Amino acid sequence: MKVYEFGDKQKPAILLLPGTCCYWRSNFGHVIEPLQKSFYVCCVSYDGFDDTEDTEFPSMLEETTKIENYIKEKHGGHIRAVYGCSLGGSFVGLLAARENIQMDYGILGGSDLDQAGAFKTKLLCKIAMPLLYPFIHDGQFKQKFIQKKMKKIMENGSGYEKTFVNMMKTPEGKCLSFISRESVERQFASDMITPLSDHISPKHGEIHIIYALQMGEKYRKRYYQHFAKPVLHEFNMKHEELLACHKEEWVRTIEEICIPKE
């Protein structure tokens, strides 16, 4: 696991955790510069998902320990904020539940927090991997009918779909050929089984959730199931759309959450 850091170390630090099978620069590259006006920006590149390392994604708990160790070593165990989208939000929940470090603001963006169960997850992995891995590794689905469907979606979509898909490529549009099938499957499975307890209430810090209303009411229920006092910020958007397509509004929302008004 690597962490890439940007900006003025004297400013409050924010740690950004990528989504499922996303490349860190494609996930957050467009918001790093504007965030630097208010924060020292630190981006995690998970084990198995960094092109400068020969590693494999282990498990969520092992990766969470590495994230905690980074915060302890580089930030004295106390960081202003941790933001995670999709799978990254599950990491935020684990950090809050374990309380091995202190984060003033834990922010989940577009997180599913699925609880599929071991059997269902194993079945979903068998179904999804032949579809998902070739796209991540080679940049294209093998199945012709899916290729046609994706082409139609890209041509007729609002732009959100293309931006979302591009998070699983490099900013230059190249496929992530350095990622192993094992890393993809372990991360996919981790996203299906979110190892979070219920009614998490950190002694220090707040939990904020960027809730994309178009994901549905079931997600609101999950947020209130897992967290005792979450603050929901509602947007009439799709999964991760605020981050993907509306960077100014996303940055402004993060600043409003993390920087107290004088």
# chains A, B, ... in the order shown; residues from 1 in each chain; ligands from 1
call {"tool": "residues_around", "arguments": {"residues": "range 120-132 of chain A", "least_positions_apart": "3", "cutoff": "8 Å", "atoms": "only C-alpha atoms", "output": "PyMOL selection string"}}
result
chain A and resi 116-117+135-136+141-143+181+185+188-189+192-193
call {"tool": "write_last_selection", "arguments": {"atoms": "N, CA and C atoms", "output": "short mmCIF file (atom, residue, chain, number, x, y, z; two decimals), in the first residue's frame"}}
result
data_model
loop_
_atom_site.label_atom_id
_atom_site.label_comp_id
_atom_site.auth_asym_id
_atom_site.auth_seq_id
_atom_site.Cartn_x
_atom_site.Cartn_y
_atom_site.Cartn_z
N ALA A 116 -23.87 -9.30 2.05
CA ALA A 116 -24.36 -10.38 1.19
C ALA A 116 -24.29 -11.75 1.85
N GLY A 117 -23.39 -11.95 2.78
CA GLY A 117 -23.21 -13.27 3.35
C GLY A 117 -22.19 -14.07 2.55
N PHE A 135 -12.44 -6.72 -18.16
CA PHE A 135 -12.61 -5.28 -18.40
C PHE A 135 -11.53 -4.48 -17.70
N ILE A 136 -11.24 -4.82 -16.44
CA ILE A 136 -10.21 -4.09 -15.68
C ILE A 136 -8.83 -4.36 -16.25
N PHE A 141 -14.87 -5.81 -22.16
CA PHE A 141 -15.59 -7.03 -21.84
C PHE A 141 -15.40 -8.05 -22.96
N LYS A 142 -15.31 -9.32 -22.60
CA LYS A 142 -15.13 -10.37 -23.61
C LYS A 142 -16.42 -10.65 -24.36
N GLN A 143 -17.56 -10.54 -23.67
CA GLN A 143 -18.83 -10.90 -24.25
C GLN A 143 -19.31 -9.81 -25.23
N ARG A 181 -6.07 -11.06 -10.91
CA ARG A 181 -7.45 -11.52 -10.71
C ARG A 181 -7.74 -11.71 -9.22
N GLU A 185 -10.81 -10.01 -7.18
CA GLU A 185 -11.81 -10.85 -6.53
C GLU A 185 -11.88 -10.57 -5.03
N PHE A 188 -13.62 -7.19 -4.60
CA PHE A 188 -15.03 -7.33 -4.92
C PHE A 188 -15.77 -8.03 -3.79
N ALA A 189 -15.17 -9.11 -3.27
CA ALA A 189 -15.79 -9.84 -2.17
C ALA A 189 -15.89 -8.98 -0.92
N MET A 192 -18.83 -6.87 -1.04
CA MET A 192 -20.08 -7.59 -0.85
C MET A 192 -20.36 -7.89 0.62
N ILE A 193 -19.29 -8.14 1.38
CA ILE A 193 -19.43 -8.45 2.81
C ILE A 193 -18.78 -7.31 3.60
#
call {"tool": "closest_atom_pairs", "arguments": {"of": "range 53-155 of chain A", "to": "range 197-221 of chain A", "cutoff": "10 Å", "atoms": "only C-alpha atoms", "output": "JSON lines"}}
result
{"residue": "A:Arg80", "atom": "CA", "partner": "A:Gly205", "partner_atom": "CA", "distance": 9.1}
{"residue": "A:Ala81", "atom": "CA", "partner": "A:Gly205", "partner_atom": "CA", "distance": 9.1}
{"residue": "A:Val82", "atom": "CA", "partner": "A:Ile207", "partner_atom": "CA", "distance": 9.9}
{"residue": "A:Tyr83", "atom": "CA", "partner": "A:His208", "partner_atom": "CA", "distance": 9.3}
{"residue": "A:Gly84", "atom": "CA", "partner": "A:Ile209", "partner_atom": "CA", "distance": 9.8}
{"residue": "A:Cys85", "atom": "CA", "partner": "A:Ile210", "partner_atom": "CA", "distance": 9.1}
{"residue": "A:Gly89", "atom": "CA", "partner": "A:Ile209", "partner_atom": "CA", "distance": 8.9}
{"residue": "A:Val92", "atom": "CA", "partner": "A:Ile207", "partner_atom": "CA", "distance": 8.9}
{"residue": "A:Gly93", "atom": "CA", "partner": "A:Ile200", "partner_atom": "CA", "distance": 8.0}
{"residue": "A:Leu94", "atom": "CA", "partner": "A:Ser197", "partner_atom": "CA", "distance": 8.7}
{"residue": "A:Leu95", "atom": "CA", "partner": "A:Pro202", "partner_atom": "CA", "distance": 9.3}
{"residue": "A:Ala96", "atom": "CA", "partner": "A:Pro202", "partner_atom": "CA", "distance": 5.7}
{"residue": "A:Ala97", "atom": "CA", "partner": "A:Ile200", "partner_atom": "CA", "distance": 5.7}
{"residue": "A:Arg98", "atom": "CA", "partner": "A:Pro202", "partner_atom": "CA", "distance": 8.6}
{"residue": "A:Glu99", "atom": "CA", "partner": "A:Pro202", "partner_atom": "CA", "distance": 6.8}
{"residue": "A:Ile101", "atom": "CA", "partner": "A:His204", "partner_atom": "CA", "distance": 9.7}
{"residue": "A:Gln102", "atom": "CA", "partner": "A:His204", "partner_atom": "CA", "distance": 6.6}
{"residue": "A:Met103", "atom": "CA", "partner": "A:Gly205", "partner_atom": "CA", "distance": 5.9}
{"residue": "A:Asp104", "atom": "CA", "partner": "A:Gly205", "partner_atom": "CA", "distance": 4.1}
{"residue": "A:Tyr105", "atom": "CA", "partner": "A:Glu206", "partner_atom": "CA", "distance": 5.0}
{"residue": "A:Gly106", "atom": "CA", "partner": "A:Ile207", "partner_atom": "CA", "distance": 4.8}
{"residue": "A:Ile107", "atom": "CA", "partner": "A:His208", "partner_atom": "CA", "distance": 4.7}
{"residue": "A:Leu108", "atom": "CA", "partner": "A:Ile209", "partner_atom": "CA", "distance": 4.7}
{"residue": "A:Gly109", "atom": "CA", "partner": "A:Ile210", "partner_atom": "CA", "distance": 4.8}
{"residue": "A:Gly110", "atom": "CA", "partner": "A:Tyr211", "partner_atom": "CA", "distance": 6.3}
{"residue": "A:Ser111", "atom": "CA", "partner": "A:Tyr219", "partner_atom": "CA", "distance": 8.4}
{"residue": "A:Asp112", "atom": "CA", "partner": "A:Tyr219", "partner_atom": "CA", "distance": 6.8}
{"residue": "A:Leu113", "atom": "CA", "partner": "A:Tyr219", "partner_atom": "CA", "distance": 8.0}
{"residue": "A:Asp114", "atom": "CA", "partner": "A:Tyr219", "partner_atom": "CA", "distance": 9.2}
call {"tool": "residues_around", "arguments": {"residues": "range 4-21 of chain A", "least_positions_apart": "2", "cutoff": "8 Å", "atoms": "only C-alpha atoms", "output": "VMD selection string"}}
result
chain A and resid 2 23 to 24 27 to 28 32 36 38 to 45 49 79 to 89 91 136 168 184 187 to 188 191
call {"tool": "select_by_dssp", "arguments": {"residues": "range 48-163 of chain A", "states": "strand (DSSP E)", "output": "ChimeraX atom specification"}}
result
/A:78-85,102-109
call {"tool": "write_last_selection", "arguments": {"atoms": "N, CA, C and O atoms", "output": "short mmCIF file (atom, residue, chain, number, x, y, z; two decimals), in the first residue's frame"}}
result
data_model
loop_
_atom_site.label_atom_id
_atom_site.label_comp_id
_atom_site.auth_asym_id
_atom_site.auth_seq_id
_atom_site.Cartn_x
_atom_site.Cartn_y
_atom_site.Cartn_z
N HIS A 78 -3.73 11.07 14.66
CA HIS A 78 -4.89 11.97 14.64
C HIS A 78 -4.94 12.70 13.31
O HIS A 78 -3.99 13.39 12.94
N ILE A 79 -6.03 12.54 12.59
CA ILE A 79 -6.17 13.16 11.27
C ILE A 79 -7.50 13.90 11.20
O ILE A 79 -8.48 13.51 11.84
N ARG A 80 -7.51 15.00 10.45
CA ARG A 80 -8.73 15.80 10.39
C ARG A 80 -9.88 15.02 9.75
O ARG A 80 -11.00 15.01 10.28
N ALA A 81 -9.63 14.40 8.60
CA ALA A 81 -10.74 13.73 7.92
C ALA A 81 -10.25 12.54 7.11
O ALA A 81 -9.12 12.52 6.62
N VAL A 82 -11.13 11.56 6.97
CA VAL A 82 -10.91 10.44 6.06
C VAL A 82 -12.17 10.31 5.21
O VAL A 82 -13.27 10.19 5.74
N TYR A 83 -11.98 10.38 3.89
CA TYR A 83 -13.09 10.23 2.96
C TYR A 83 -12.92 8.95 2.17
O TYR A 83 -11.84 8.66 1.66
N GLY A 84 -14.00 8.17 2.07
CA GLY A 84 -13.96 6.96 1.27
C GLY A 84 -15.20 6.84 0.42
O GLY A 84 -16.32 7.02 0.91
N CYS A 85 -15.03 6.55 -0.86
CA CYS A 85 -16.18 6.33 -1.72
C CYS A 85 -16.33 4.84 -1.98
O CYS A 85 -15.35 4.10 -2.04
N GLN A 102 -7.62 8.49 15.69
CA GLN A 102 -8.67 9.49 15.84
C GLN A 102 -8.83 10.25 14.53
O GLN A 102 -7.87 10.81 14.00
N MET A 103 -10.03 10.26 14.00
CA MET A 103 -10.35 11.10 12.86
C MET A 103 -11.51 12.01 13.27
O MET A 103 -12.51 11.55 13.80
N ASP A 104 -11.33 13.29 13.05
CA ASP A 104 -12.37 14.23 13.45
C ASP A 104 -13.63 14.04 12.62
O ASP A 104 -14.74 14.17 13.13
N TYR A 105 -13.43 13.72 11.33
CA TYR A 105 -14.57 13.55 10.44
C TYR A 105 -14.34 12.32 9.56
O TYR A 105 -13.36 12.26 8.81
N GLY A 106 -15.22 11.35 9.68
CA GLY A 106 -15.22 10.20 8.78
C GLY A 106 -16.34 10.39 7.79
O GLY A 106 -17.50 10.59 8.18
N ILE A 107 -16.01 10.38 6.50
CA ILE A 107 -16.99 10.71 5.47
C ILE A 107 -17.14 9.55 4.49
O ILE A 107 -16.15 9.11 3.89
N LEU A 108 -18.35 9.06 4.33
CA LEU A 108 -18.64 7.99 3.38
C LEU A 108 -19.36 8.60 2.18
O LEU A 108 -20.33 9.34 2.34
N GLY A 109 -18.88 8.26 0.99
CA GLY A 109 -19.53 8.75 -0.22
C GLY A 109 -19.97 7.61 -1.11
O GLY A 109 -19.15 6.80 -1.54
#
call {"tool": "residues_around", "arguments": {"residues": "His137 in chain A", "least_positions_apart": "5", "cutoff": "7 Å", "atoms": "only C-alpha atoms", "output": "number ranges by chain"}}
result
A: 175-177, 179
call {"tool": "write_last_selection", "arguments": {"atoms": "N, CA, C and O atoms", "output": "mmCIF file, in the first residue's frame"}}
result
data_model
loop_
_atom_site.group_PDB
_atom_site.id
_atom_site.type_symbol
_atom_site.label_atom_id
_atom_site.label_comp_id
_atom_site.auth_asym_id
_atom_site.auth_seq_id
_atom_site.Cartn_x
_atom_site.Cartn_y
_atom_site.Cartn_z
ATOM 1 N N CYS A 175 -5.868 0.440 -19.598
ATOM 2 C CA CYS A 175 -6.419 -0.554 -18.686
ATOM 3 C C CYS A 175 -5.429 -0.841 -17.560
ATOM 4 O O CYS A 175 -4.238 -0.561 -17.673
ATOM 5 N N LEU A 176 -5.930 -1.433 -16.496
ATOM 6 C CA LEU A 176 -5.102 -1.699 -15.308
ATOM 7 C C LEU A 176 -4.553 -3.118 -15.390
ATOM 8 O O LEU A 176 -4.910 -4.002 -14.600
ATOM 9 N N SER A 177 -3.657 -3.338 -16.344
ATOM 10 C CA SER A 177 -3.143 -4.677 -16.625
ATOM 11 C C SER A 177 -2.253 -5.221 -15.514
ATOM 12 O O SER A 177 -1.956 -6.419 -15.489
ATOM 13 N N ILE A 179 -3.037 -5.352 -12.362
ATOM 14 C CA ILE A 179 -3.841 -5.874 -11.254
ATOM 15 C C ILE A 179 -4.162 -7.344 -11.492
ATOM 16 O O ILE A 179 -4.609 -7.723 -12.570
#
call {"tool": "select_by_dssp", "arguments": {"residues": "range 125-212 of chain A", "states": "helix (DSSP H, G or I)", "output": "number ranges by chain"}}
result
A: 125-138, 144-156, 160-166, 181-192
call {"tool": "atom_distance", "arguments": {"atom1": "CA of Pro58 in chain A", "atom2": "CA of Phe178 in chain A"}}
result
15.8 Å
call {"tool": "atom_distance", "arguments": {"atom1": "CA of Gly48 in chain A", "atom2": "CA of Phe119 in chain A"}}
result
24.6 Å
